[in-house]
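Here is final-v4.cif, consisting of mmCIF, C-alpha atoms and all ligand atoms:
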```cif
data_start
#
loop_
_atom_site.group_PDB
_atom_site.id
_atom_site.type_symbol
_atom_site.label_atom_id
_atom_site.label_comp_id
_atom_site.auth_asym_id
_atom_site.auth_seq_id
_atom_site.Cartn_x
_atom_site.Cartn_y
_atom_site.Cartn_z
ATOM 1 C CA MET C 128 -9.740 200.171 106.900
ATOM 2 C CA GLY C 129 -10.612 202.180 103.799
ATOM 3 C CA PHE C 130 -13.598 204.459 103.270
ATOM 4 C CA THR C 131 -16.568 202.704 104.872
ATOM 5 C CA ASP C 132 -18.803 205.711 105.711
ATOM 6 C CA ARG C 133 -22.410 206.165 104.671
ATOM 7 C CA HIS C 134 -21.993 209.869 103.890
ATOM 8 C CA LEU C 135 -19.143 212.145 102.865
ATOM 9 C CA LEU C 136 -19.704 215.203 105.037
ATOM 10 C CA GLY C 137 -16.151 216.331 105.650
ATOM 11 C CA ILE C 138 -12.487 215.373 105.834
ATOM 12 C CA GLU C 139 -12.633 215.468 109.654
ATOM 13 C CA PRO C 140 -13.753 211.828 110.146
ATOM 14 C CA LEU C 141 -11.447 210.359 107.469
ATOM 15 C CA GLY C 142 -8.210 208.576 108.288
ATOM 16 C CA PRO C 143 -5.240 208.193 105.912
ATOM 17 C CA ALA C 144 -6.461 204.803 104.607
ATOM 18 C CA ALA C 145 -9.896 206.192 103.677
ATOM 19 C CA ILE C 146 -8.331 209.205 101.947
ATOM 20 C CA THR C 147 -5.908 206.962 100.064
ATOM 21 C CA GLU C 148 -8.685 204.621 98.948
ATOM 22 C CA ILE C 149 -10.696 207.517 97.469
ATOM 23 C CA LEU C 150 -7.600 208.938 95.717
ATOM 24 C CA ASP C 151 -6.551 205.558 94.309
ATOM 25 C CA ARG C 152 -9.988 204.986 92.867
ATOM 26 C CA ALA C 153 -10.047 208.545 91.485
ATOM 27 C CA ASP C 154 -6.741 207.902 89.727
ATOM 28 C CA ARG C 155 -8.412 205.049 87.856
ATOM 29 C CA TYR C 156 -11.280 207.360 86.882
ATOM 30 C CA VAL C 157 -8.827 209.929 85.497
ATOM 31 C CA ALA C 158 -7.669 207.232 83.072
ATOM 32 C CA LEU C 159 -11.253 206.293 82.221
ATOM 33 C CA ASN C 160 -12.219 209.947 81.623
ATOM 34 C CA ARG C 161 -9.377 210.324 79.134
ATOM 35 C CA ASP C 162 -10.646 207.340 77.192
ATOM 36 C CA PRO C 163 -13.063 208.050 74.306
ATOM 37 C CA GLY C 164 -15.531 205.432 75.662
ATOM 38 C CA ARG C 165 -15.551 207.009 79.175
ATOM 39 C CA HIS C 166 -18.541 205.351 80.754
ATOM 40 C CA ALA C 167 -18.813 203.202 83.829
ATOM 41 C CA ASP C 168 -21.829 201.706 85.515
ATOM 42 C CA ALA C 169 -21.112 201.998 89.252
ATOM 43 C CA LEU C 170 -24.262 204.146 89.676
ATOM 44 C CA ALA C 171 -26.461 202.465 87.040
ATOM 45 C CA GLY C 172 -30.050 202.559 88.238
ATOM 46 C CA ALA C 173 -29.240 205.081 91.001
ATOM 47 C CA THR C 174 -30.708 208.566 91.322
ATOM 48 C CA LEU C 175 -28.557 211.536 92.251
ATOM 49 C CA ILE C 176 -30.089 214.875 93.224
ATOM 50 C CA ASN C 177 -27.953 218.030 93.233
ATOM 51 C CA MET C 178 -29.291 220.568 95.758
ATOM 52 C CA PHE C 179 -27.298 223.803 95.565
ATOM 53 C CA PHE C 180 -28.528 226.555 97.903
ATOM 54 C CA GLU C 181 -25.513 228.674 96.950
ATOM 55 C CA SER C 182 -24.284 229.470 93.475
ATOM 56 C CA SER C 183 -21.702 227.182 91.920
ATOM 57 C CA THR C 184 -20.312 226.644 88.459
ATOM 58 C CA ARG C 185 -17.576 224.050 88.532
ATOM 59 C CA THR C 186 -18.675 221.984 91.532
ATOM 60 C CA GLN C 187 -22.248 221.508 90.362
ATOM 61 C CA ALA C 188 -21.206 220.775 86.767
ATOM 62 C CA SER C 189 -18.548 218.396 88.019
ATOM 63 C CA PHE C 190 -20.992 216.406 90.182
ATOM 64 C CA GLU C 191 -23.481 216.286 87.323
ATOM 65 C CA LEU C 192 -20.887 214.999 84.876
ATOM 66 C CA ALA C 193 -19.483 212.548 87.426
ATOM 67 C CA GLY C 194 -22.955 211.118 88.117
ATOM 68 C CA LYS C 195 -23.744 210.782 84.411
ATOM 69 C CA ARG C 196 -20.424 209.108 83.633
ATOM 70 C CA LEU C 197 -21.251 206.511 86.281
ATOM 71 C CA GLY C 198 -24.655 205.880 84.743
ATOM 72 C CA ALA C 199 -26.871 207.591 87.371
ATOM 73 C CA ASP C 200 -30.073 209.524 86.701
ATOM 74 C CA VAL C 201 -29.082 213.060 87.686
ATOM 75 C CA MET C 202 -31.487 215.792 88.687
ATOM 76 C CA ASN C 203 -30.463 219.391 89.407
ATOM 77 C CA MET C 204 -32.773 221.286 91.756
ATOM 78 C CA ALA C 205 -32.857 225.049 91.226
ATOM 79 C CA MET C 206 -33.092 225.783 94.944
ATOM 80 C CA GLN C 207 -33.664 229.552 94.724
ATOM 81 C CA ALA C 208 -36.730 228.878 92.611
ATOM 82 C CA SER C 209 -37.980 226.056 94.792
ATOM 83 C CA SER C 210 -40.315 226.018 97.758
ATOM 84 C CA LEU C 211 -37.547 227.404 99.981
ATOM 85 C CA SER C 212 -38.501 230.848 98.719
ATOM 86 C CA LYS C 213 -42.036 230.030 99.874
ATOM 87 C CA GLY C 214 -40.763 229.544 103.424
ATOM 88 C CA GLU C 215 -40.257 225.799 103.560
ATOM 89 C CA THR C 216 -37.395 224.833 105.849
ATOM 90 C CA LEU C 217 -34.284 223.026 104.707
ATOM 91 C CA ILE C 218 -35.375 219.914 106.562
ATOM 92 C CA ASP C 219 -38.875 219.915 105.027
ATOM 93 C CA THR C 220 -37.370 220.243 101.563
ATOM 94 C CA ALA C 221 -34.935 217.446 102.277
ATOM 95 C CA THR C 222 -37.556 215.076 103.653
ATOM 96 C CA THR C 223 -39.818 215.790 100.662
ATOM 97 C CA LEU C 224 -36.998 214.943 98.272
ATOM 98 C CA ASN C 225 -36.098 211.925 100.382
ATOM 99 C CA ALA C 226 -39.621 210.608 99.925
ATOM 100 C CA MET C 227 -38.939 210.501 96.187
ATOM 101 C CA GLY C 228 -36.319 207.851 96.945
ATOM 102 C CA PRO C 229 -33.000 209.232 95.676
ATOM 103 C CA ASP C 230 -29.830 207.257 96.408
ATOM 104 C CA LEU C 231 -27.569 210.267 96.742
ATOM 105 C CA LEU C 232 -28.083 213.901 97.683
ATOM 106 C CA VAL C 233 -25.281 216.336 96.854
ATOM 107 C CA VAL C 234 -25.803 219.465 98.926
ATOM 108 C CA ARG C 235 -24.241 222.927 99.052
ATOM 109 C CA HIS C 236 -25.515 225.345 101.670
ATOM 110 C CA PRO C 237 -24.404 228.776 102.948
ATOM 111 C CA HIS C 238 -24.646 227.720 106.626
ATOM 112 C CA SER C 239 -21.885 225.738 108.335
ATOM 113 C CA GLY C 240 -23.316 222.486 109.696
ATOM 114 C CA ALA C 241 -26.482 222.540 107.536
ATOM 115 C CA VAL C 242 -25.410 219.510 105.492
ATOM 116 C CA ASN C 243 -24.654 217.418 108.597
ATOM 117 C CA LEU C 244 -28.083 218.284 109.972
ATOM 118 C CA LEU C 245 -29.739 217.298 106.733
ATOM 119 C CA ALA C 246 -27.863 213.976 106.638
ATOM 120 C CA GLU C 247 -29.514 213.039 109.939
ATOM 121 C CA LYS C 248 -32.985 213.470 108.432
ATOM 122 C CA VAL C 249 -32.733 211.467 105.223
ATOM 123 C CA THR C 250 -32.281 207.796 104.392
ATOM 124 C CA CYS C 251 -30.000 208.208 101.378
ATOM 125 C CA ALA C 252 -26.274 208.982 101.188
ATOM 126 C CA VAL C 253 -25.355 212.674 101.501
ATOM 127 C CA LEU C 254 -22.332 214.348 99.982
ATOM 128 C CA ASN C 255 -21.263 217.771 101.218
ATOM 129 C CA ALA C 256 -20.502 220.088 98.287
ATOM 130 C CA GLY C 257 -19.559 222.959 100.642
ATOM 131 C CA ASP C 258 -21.295 224.240 103.789
ATOM 132 C CA GLY C 259 -20.588 227.834 104.846
ATOM 133 C CA ARG C 260 -17.019 228.159 106.029
ATOM 134 C CA HIS C 261 -16.995 224.638 107.458
ATOM 135 C CA GLU C 262 -15.942 221.944 104.943
ATOM 136 C CA HIS C 263 -15.666 221.216 101.220
ATOM 137 C CA PRO C 264 -14.351 217.639 101.283
ATOM 138 C CA THR C 265 -14.324 216.875 97.537
ATOM 139 C CA GLN C 266 -12.314 220.068 96.926
ATOM 140 C CA ALA C 267 -9.635 218.948 99.406
ATOM 141 C CA LEU C 268 -9.620 215.463 97.856
ATOM 142 C CA LEU C 269 -9.237 216.809 94.312
ATOM 143 C CA ASP C 270 -6.476 219.116 95.528
ATOM 144 C CA ALA C 271 -4.753 216.146 97.171
ATOM 145 C CA LEU C 272 -5.008 214.086 93.987
ATOM 146 C CA THR C 273 -3.573 216.974 91.951
ATOM 147 C CA ILE C 274 -0.667 217.336 94.411
ATOM 148 C CA ARG C 275 -0.027 213.590 94.566
ATOM 149 C CA ARG C 276 0.109 213.314 90.778
ATOM 150 C CA ALA C 277 2.416 216.350 90.467
ATOM 151 C CA LYS C 278 4.742 215.532 93.379
ATOM 152 C CA GLY C 279 4.469 211.759 93.513
ATOM 153 C CA ARG C 280 3.451 211.745 97.178
ATOM 154 C CA LEU C 281 1.330 213.492 99.806
ATOM 155 C CA HIS C 282 3.559 213.166 102.856
ATOM 156 C CA ARG C 283 6.460 215.383 103.898
ATOM 157 C CA LEU C 284 5.498 218.245 101.633
ATOM 158 C CA SER C 285 5.351 221.885 102.614
ATOM 159 C CA VAL C 286 2.113 223.514 101.435
ATOM 160 C CA ALA C 287 1.325 227.233 101.713
ATOM 161 C CA ILE C 288 -2.338 228.268 101.761
ATOM 162 C CA CYS C 289 -2.614 232.009 101.157
ATOM 163 C CA GLY C 290 -5.319 234.627 101.404
ATOM 164 C CA ASP C 291 -8.788 234.611 102.897
ATOM 165 C CA ILE C 292 -8.423 231.670 105.283
ATOM 166 C CA ALA C 293 -11.065 232.977 107.695
ATOM 167 C CA HIS C 294 -13.976 232.508 105.295
ATOM 168 C CA SER C 295 -12.689 229.451 103.492
ATOM 169 C CA ARG C 296 -14.077 225.930 103.784
ATOM 170 C CA VAL C 297 -11.467 224.949 101.176
ATOM 171 C CA ALA C 298 -8.660 225.947 103.556
ATOM 172 C CA ARG C 299 -10.242 224.082 106.475
ATOM 173 C CA SER C 300 -10.718 220.831 104.575
ATOM 174 C CA ASN C 301 -7.231 221.084 103.069
ATOM 175 C CA ILE C 302 -5.596 221.697 106.455
ATOM 176 C CA LEU C 303 -7.335 218.631 107.880
ATOM 177 C CA LEU C 304 -6.364 216.428 104.941
ATOM 178 C CA LEU C 305 -2.756 217.580 104.628
ATOM 179 C CA ASN C 306 -2.167 217.211 108.372
ATOM 180 C CA ARG C 307 -3.623 213.726 108.268
ATOM 181 C CA MET C 308 -1.325 212.774 105.397
ATOM 182 C CA GLU C 309 1.692 214.180 107.264
ATOM 183 C CA SER C 310 2.421 217.235 105.179
ATOM 184 C CA ARG C 311 3.205 220.610 106.744
ATOM 185 C CA VAL C 312 0.817 223.504 106.225
ATOM 186 C CA ARG C 313 1.769 227.173 106.305
ATOM 187 C CA LEU C 314 -0.958 229.786 106.285
ATOM 188 C CA ILE C 315 -0.146 233.208 104.862
ATOM 189 C CA ALA C 316 -2.684 235.967 105.444
ATOM 190 C CA PRO C 317 -3.232 239.360 107.019
ATOM 191 C CA PRO C 318 -4.425 238.924 110.656
ATOM 192 C CA THR C 319 -7.939 240.086 109.671
ATOM 193 C CA LEU C 320 -8.302 237.083 107.347
ATOM 194 C CA LEU C 321 -7.258 234.401 109.830
ATOM 195 C CA PRO C 322 -9.927 232.449 111.728
ATOM 196 C CA LYS C 323 -10.132 232.606 115.525
ATOM 197 C CA GLY C 324 -8.355 229.762 117.305
ATOM 198 C CA ILE C 325 -5.894 229.228 114.468
ATOM 199 C CA GLU C 326 -3.268 228.064 117.011
ATOM 200 C CA GLY C 327 -5.201 224.809 117.406
ATOM 201 C CA PHE C 328 -5.037 223.921 113.690
ATOM 202 C CA GLY C 329 -1.502 222.468 113.729
ATOM 203 C CA VAL C 330 -0.181 224.971 111.182
ATOM 204 C CA GLU C 331 2.476 227.679 110.967
ATOM 205 C CA VAL C 332 1.181 231.196 110.392
ATOM 206 C CA PHE C 333 2.878 233.988 108.448
ATOM 207 C CA GLU C 334 1.871 237.540 107.624
ATOM 208 C CA ASP C 335 4.506 238.001 104.997
ATOM 209 C CA MET C 336 4.580 236.220 101.623
ATOM 210 C CA GLU C 337 8.382 236.229 101.356
ATOM 211 C CA GLU C 338 8.783 234.407 104.672
ATOM 212 C CA GLY C 339 5.773 232.154 104.289
ATOM 213 C CA LEU C 340 6.556 230.945 100.778
ATOM 214 C CA ARG C 341 10.180 230.099 101.509
ATOM 215 C CA ASP C 342 10.943 226.619 100.132
ATOM 216 C CA VAL C 343 7.361 225.410 99.906
ATOM 217 C CA ASP C 344 6.417 222.679 97.389
ATOM 218 C CA VAL C 345 2.854 223.860 96.789
ATOM 219 C CA VAL C 346 1.225 227.303 96.797
ATOM 220 C CA MET C 347 -2.548 227.316 97.120
ATOM 221 C CA MET C 348 -4.239 230.680 96.582
ATOM 222 C CA LEU C 349 -7.714 231.607 97.863
ATOM 223 C CA ARG C 350 -10.306 234.105 96.706
ATOM 224 C CA LEU C 351 -11.444 236.990 98.922
ATOM 225 C CA GLN C 352 -14.883 235.614 99.828
ATOM 226 C CA ARG C 353 -16.783 238.861 100.051
ATOM 227 C CA GLU C 354 -20.150 237.105 100.282
ATOM 228 C CA ARG C 355 -19.137 235.871 103.739
ATOM 229 C CA MET C 356 -17.589 239.146 104.947
ATOM 230 C CA ASP C 357 -19.551 241.546 107.093
ATOM 231 C CA GLY C 358 -17.196 244.500 107.116
ATOM 232 C CA GLY C 359 -13.910 245.799 105.765
ATOM 233 C CA PHE C 360 -11.340 243.017 105.968
ATOM 234 C CA VAL C 361 -8.835 244.446 103.489
ATOM 235 C CA PRO C 362 -7.962 248.123 102.876
ATOM 236 C CA SER C 363 -8.186 247.957 99.056
ATOM 237 C CA GLU C 364 -7.840 245.273 96.399
ATOM 238 C CA ARG C 365 -4.831 247.118 94.972
ATOM 239 C CA GLU C 366 -2.996 247.067 98.263
ATOM 240 C CA TYR C 367 -4.037 243.472 98.893
ATOM 241 C CA TYR C 368 -2.632 242.419 95.524
ATOM 242 C CA HIS C 369 0.591 244.248 96.229
ATOM 243 C CA ARG C 370 1.137 242.368 99.536
ATOM 244 C CA TYR C 371 -0.620 239.030 98.973
ATOM 245 C CA GLY C 372 -1.277 238.639 95.249
ATOM 246 C CA LEU C 373 0.805 235.807 93.793
ATOM 247 C CA ASP C 374 2.940 236.631 90.756
ATOM 248 C CA HIS C 375 6.146 235.160 89.323
ATOM 249 C CA ASP C 376 8.286 237.398 91.589
ATOM 250 C CA LYS C 377 6.707 236.192 94.827
ATOM 251 C CA LEU C 378 6.619 232.603 93.580
ATOM 252 C CA ALA C 379 10.418 232.777 93.273
ATOM 253 C CA PHE C 380 10.587 232.486 97.117
ATOM 254 C CA ALA C 381 9.123 228.978 96.887
ATOM 255 C CA LYS C 382 10.998 225.894 95.633
ATOM 256 C CA PRO C 383 11.914 226.179 91.928
ATOM 257 C CA ASP C 384 9.480 223.361 91.097
ATOM 258 C CA ALA C 385 6.639 224.573 93.347
ATOM 259 C CA ILE C 386 3.184 224.248 91.808
ATOM 260 C CA VAL C 387 0.437 226.882 91.943
ATOM 261 C CA MET C 388 -3.164 225.973 92.778
ATOM 262 C CA HIS C 389 -6.499 227.800 93.069
ATOM 263 C CA PRO C 390 -9.940 226.279 93.738
ATOM 264 C CA GLY C 391 -11.722 228.877 91.583
ATOM 265 C CA PRO C 392 -13.488 231.101 90.921
ATOM 266 C CA MET C 393 -10.353 233.165 90.478
ATOM 267 C CA ASN C 394 -10.012 236.934 90.667
ATOM 268 C CA ARG C 395 -7.122 237.770 88.379
ATOM 269 C CA GLY C 396 -5.208 240.787 89.607
ATOM 270 C CA VAL C 397 -6.620 240.442 93.150
ATOM 271 C CA GLU C 398 -5.156 237.225 94.612
ATOM 272 C CA ILE C 399 -3.275 235.964 91.548
ATOM 273 C CA ASP C 400 -1.616 237.361 88.452
ATOM 274 C CA GLY C 401 -3.402 236.195 85.297
ATOM 275 C CA THR C 402 -0.231 235.201 83.432
ATOM 276 C CA LEU C 403 0.899 233.034 86.340
ATOM 277 C CA ALA C 404 -2.517 231.364 86.566
ATOM 278 C CA ASP C 405 -2.186 230.472 82.871
ATOM 279 C CA ASP C 406 1.482 229.435 83.049
ATOM 280 C CA ILE C 407 1.349 225.723 82.307
ATOM 281 C CA ASN C 408 4.858 225.247 83.700
ATOM 282 C CA ARG C 409 3.778 226.313 87.204
ATOM 283 C CA SER C 410 -0.008 226.356 87.447
ATOM 284 C CA VAL C 411 -2.061 223.160 87.884
ATOM 285 C CA ILE C 412 -5.388 224.998 88.073
ATOM 286 C CA ARG C 413 -6.743 223.240 84.982
ATOM 287 C CA GLU C 414 -5.673 219.846 86.308
ATOM 288 C CA GLN C 415 -7.608 220.597 89.502
ATOM 289 C CA VAL C 416 -10.797 220.904 87.478
ATOM 290 C CA GLU C 417 -10.090 217.624 85.678
ATOM 291 C CA MET C 418 -9.313 215.856 88.984
ATOM 292 C CA GLY C 419 -12.590 217.203 90.367
ATOM 293 C CA VAL C 420 -14.683 215.010 88.082
ATOM 294 C CA ALA C 421 -12.583 211.902 88.849
ATOM 295 C CA VAL C 422 -12.646 212.462 92.627
ATOM 296 C CA ARG C 423 -16.415 212.952 92.631
ATOM 297 C CA MET C 424 -16.852 209.770 90.599
ATOM 298 C CA ALA C 425 -14.657 207.907 93.081
ATOM 299 C CA ALA C 426 -16.475 209.280 96.130
ATOM 300 C CA MET C 427 -19.909 208.422 94.730
ATOM 301 C CA ASP C 428 -18.787 204.991 93.556
ATOM 302 C CA LEU C 429 -17.470 204.171 97.056
ATOM 303 C CA LEU C 430 -20.600 205.515 98.744
ATOM 304 C CA ALA C 431 -22.653 203.223 96.479
ATOM 305 C CA ARG C 432 -20.433 200.284 97.418
ATOM 306 C CA ASN C 433 -20.917 201.134 101.105
ATOM 307 C CA TRP C 434 -24.714 201.370 100.914
ATOM 308 C CA ARG C 435 -24.901 198.132 98.935
ATOM 309 C CA ALA C 436 -22.743 196.402 101.565
ATOM 310 C CA ALA C 437 -25.131 197.649 104.275
ATOM 311 C CA GLU C 438 -28.269 196.375 102.521
ATOM 312 C CA VAL C 439 -29.793 193.422 104.309
ATOM 313 C CA PRO C 440 -30.369 190.561 101.837
ATOM 314 C CA ALA C 441 -34.073 189.717 101.448
HETATM 315 N N1 LIG A 1 -15.311 227.275 95.042
HETATM 316 C C1 LIG A 1 -14.771 227.266 96.387
HETATM 317 C C2 LIG A 1 -15.879 227.129 97.402
HETATM 318 O O1 LIG A 1 -17.014 226.853 97.042
HETATM 319 C C3 LIG A 1 -13.879 228.422 96.665
HETATM 320 C C4 LIG A 1 -14.485 229.794 96.515
HETATM 321 O O2 LIG A 1 -15.702 229.943 96.354
HETATM 322 O O3 LIG A 1 -13.712 230.742 96.590
HETATM 323 O O4 LIG A 1 -15.634 227.262 98.589
#
```
Please, can you express the file's structure as structure tokens?
Ligand code: ASP
Amino acid sequence: MGFTDRHLLGIEPLGPAAITEILDRADRYVALNRDPGRHADALAGATLINMFFESSTRTQASFELAGKRLGADVMNMAMQASSLSKGETLIDTATTLNAMGPDLLVVRHPHSGAVNLLAEKVTCAVLNAGDGRHEHPTQALLDALTIRRAKGRLHRLSVAICGDIAHSRVARSNILLLNRMESRVRLIAPPTLLPKGIEGFGVEVFEDMEEGLRDVDVVMMLRLQRERMDGGFVPSEREYYHRYGLDHDKLAFAKPDAIVMHPGPMNRGVEIDGTLADDINRSVIREQVEMGVAVRMAAMDLLARNWRAAEVPA
């Protein structure tokens, strides 16, 4: 069974076949996006609304571009300026928009679980573009596609995720996906930046970069997510960079062909050295952005297929 769901709210409910179906379709969209013609019609006649309650550059732009390349009418709601600031609840806003008859709502929200709640209240398909520290499924899928294209497979790899794991929905979705595809995940972070209950995640945990990076195939760096911190989690950025910032010296502990990833936005000189981030022999950060558009096209195309299959013929 491939991807048959009505919504894409997280990696949690997806099995290996569903993940593989989305990635295979995304691979085809990478080829299409590199073609000068680059238009498809999987969403022709459909309306996509982007609702971002938290700031975003690449994710929002990527969904907008993906929707347009598939022929959808795309509308971006400026949520800060909307009726939310007049006290309307998330659910009221969603049901109002739902009454306008969109086919797809792409939602980012600062609260974990908010997007799932919203999906229960609307009749259209909902795509989670990041909810609090819970999930960011299209990020994990674009990361998986980037890894699969660089390494030729997704199973039996060793992947290190380093930095602010505690506040990261990217880490959570990636752990779920990589475990499901039978790769091994190592988390490297100071104890203050690890989530509670980490033992239950099926990962190995390291405090030290030298030990944690040993022989890994992939190194994924994370930003310190200060907007979700409510206290001092790291002594100073300088000290943090010294212990956990990735540079060419620390990368030498990993396999010689290990790739470097970052979901962005990146803080150069805090979690990653700028020259390493730009080193096209090791860093695939630009590819991640390219894969983002293709993965979002694939996810929306398959959601459209699923809702069309569920429509009762008149
Ligand atoms: N862009 C990613 C997210 O929305 C990672 C980050 O913000 O650091 O979760």
| task | Name every residue that the PyMOL selection byres (((chain C and resi 152-167) around 7) and not hetatm) selects in this structure, writing the answer as number ranges by chain with chains first and numbers rising. | result | C: 148-151, 168-169, 196-198, 418, 421-422, 424-425
| request: Considering only C-alpha atoms, state which residue in the set C:Glu331, C:Thr223, C:Val201, C:Arg185 is at the smallest distance from Glu417 (chain C). | output: C:Arg185
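Here the PyMOL selection byres (((not hetatm)) within 6 of (chain A and resi 1)) captures the residues Gly257, Arg296, Val297, Arg350, Gln352, Pro390, Gly391 and Pro392 of chain C.
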| task | Identify all residues satisfying the PyMOL selection byres (((chain C and resi 268) around 12) and not hetatm) in the given file; provide them as a PyMOL selection string. | result | chain C and resi 135+137-138+141+143+145-154+256+262-267+269-275+281+297-298+300-305+308+390+415-416+418-426
| task | Compile the contact shell of Lys248 (chain C) as a PyMOL selection string: residues with an atom at most 10 Å away, counting only C-alpha atoms, same-chain residues fewer than 5 positions apart removed. | result | chain C and resi 218-219+221-222+225+243
| request: Skip region 340-349 of chain C itself and residues of its chain fewer than 5 positions away, then list as an MDAnalysis selection string all residues within 10 Å of it, counting all atoms listed in the file. | output: chainID C and resid 270 274 277:278 283:292 294:295 297:298 301 311:315 333 335 371:373 377:394 398:399 409:410 412
| remark: Here CA of Ala199 (chain C) and CA of Met427 (chain C) stand apart by 10.2 Å
| message | Between CA of Gly228 (chain C) and CA of Ala188 (chain C), what distance in Å does the model show, to one decimal? | response |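 Between CA of Gly228 (chain C) and CA of Ala188 (chain C) the gap is 22.3 Å.
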| For CA of Asn203 (chain C) and CA of Pro140 (chain C), the interatomic separation in Å (one decimal) | 27.7 Å
| Skipping near chain neighbours, those fewer than 6 positions away, what residues fall within 10 Å of Ala437 (chain C) using only C-alpha atoms, listed as number ranges by chain? | C: 131, 133, 431
| field | Best match for closeness to Gly329 (chain C) among C:Met202, C:Arg353, C:Ser310, C:Ala316, counting only C-alpha atoms | value |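 Under the stated criterion, the closest residue is C:Ser310.
When only C-alpha atoms are used to measure the gap to Glu247 (chain C), the shortest distance among C:Leu136, C:Met206, C:Met178, C:Met336 belongs to C:Leu136.
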| said: List the spatial neighbours of Ala252 (chain C) as a ChimeraX atom specification - criterion: any atom at most 9 Å away, all atoms listed in the file, same-chain residues fewer than 4 positions off excluded. | reply: /C:133-135,229-233,246,430-431,434
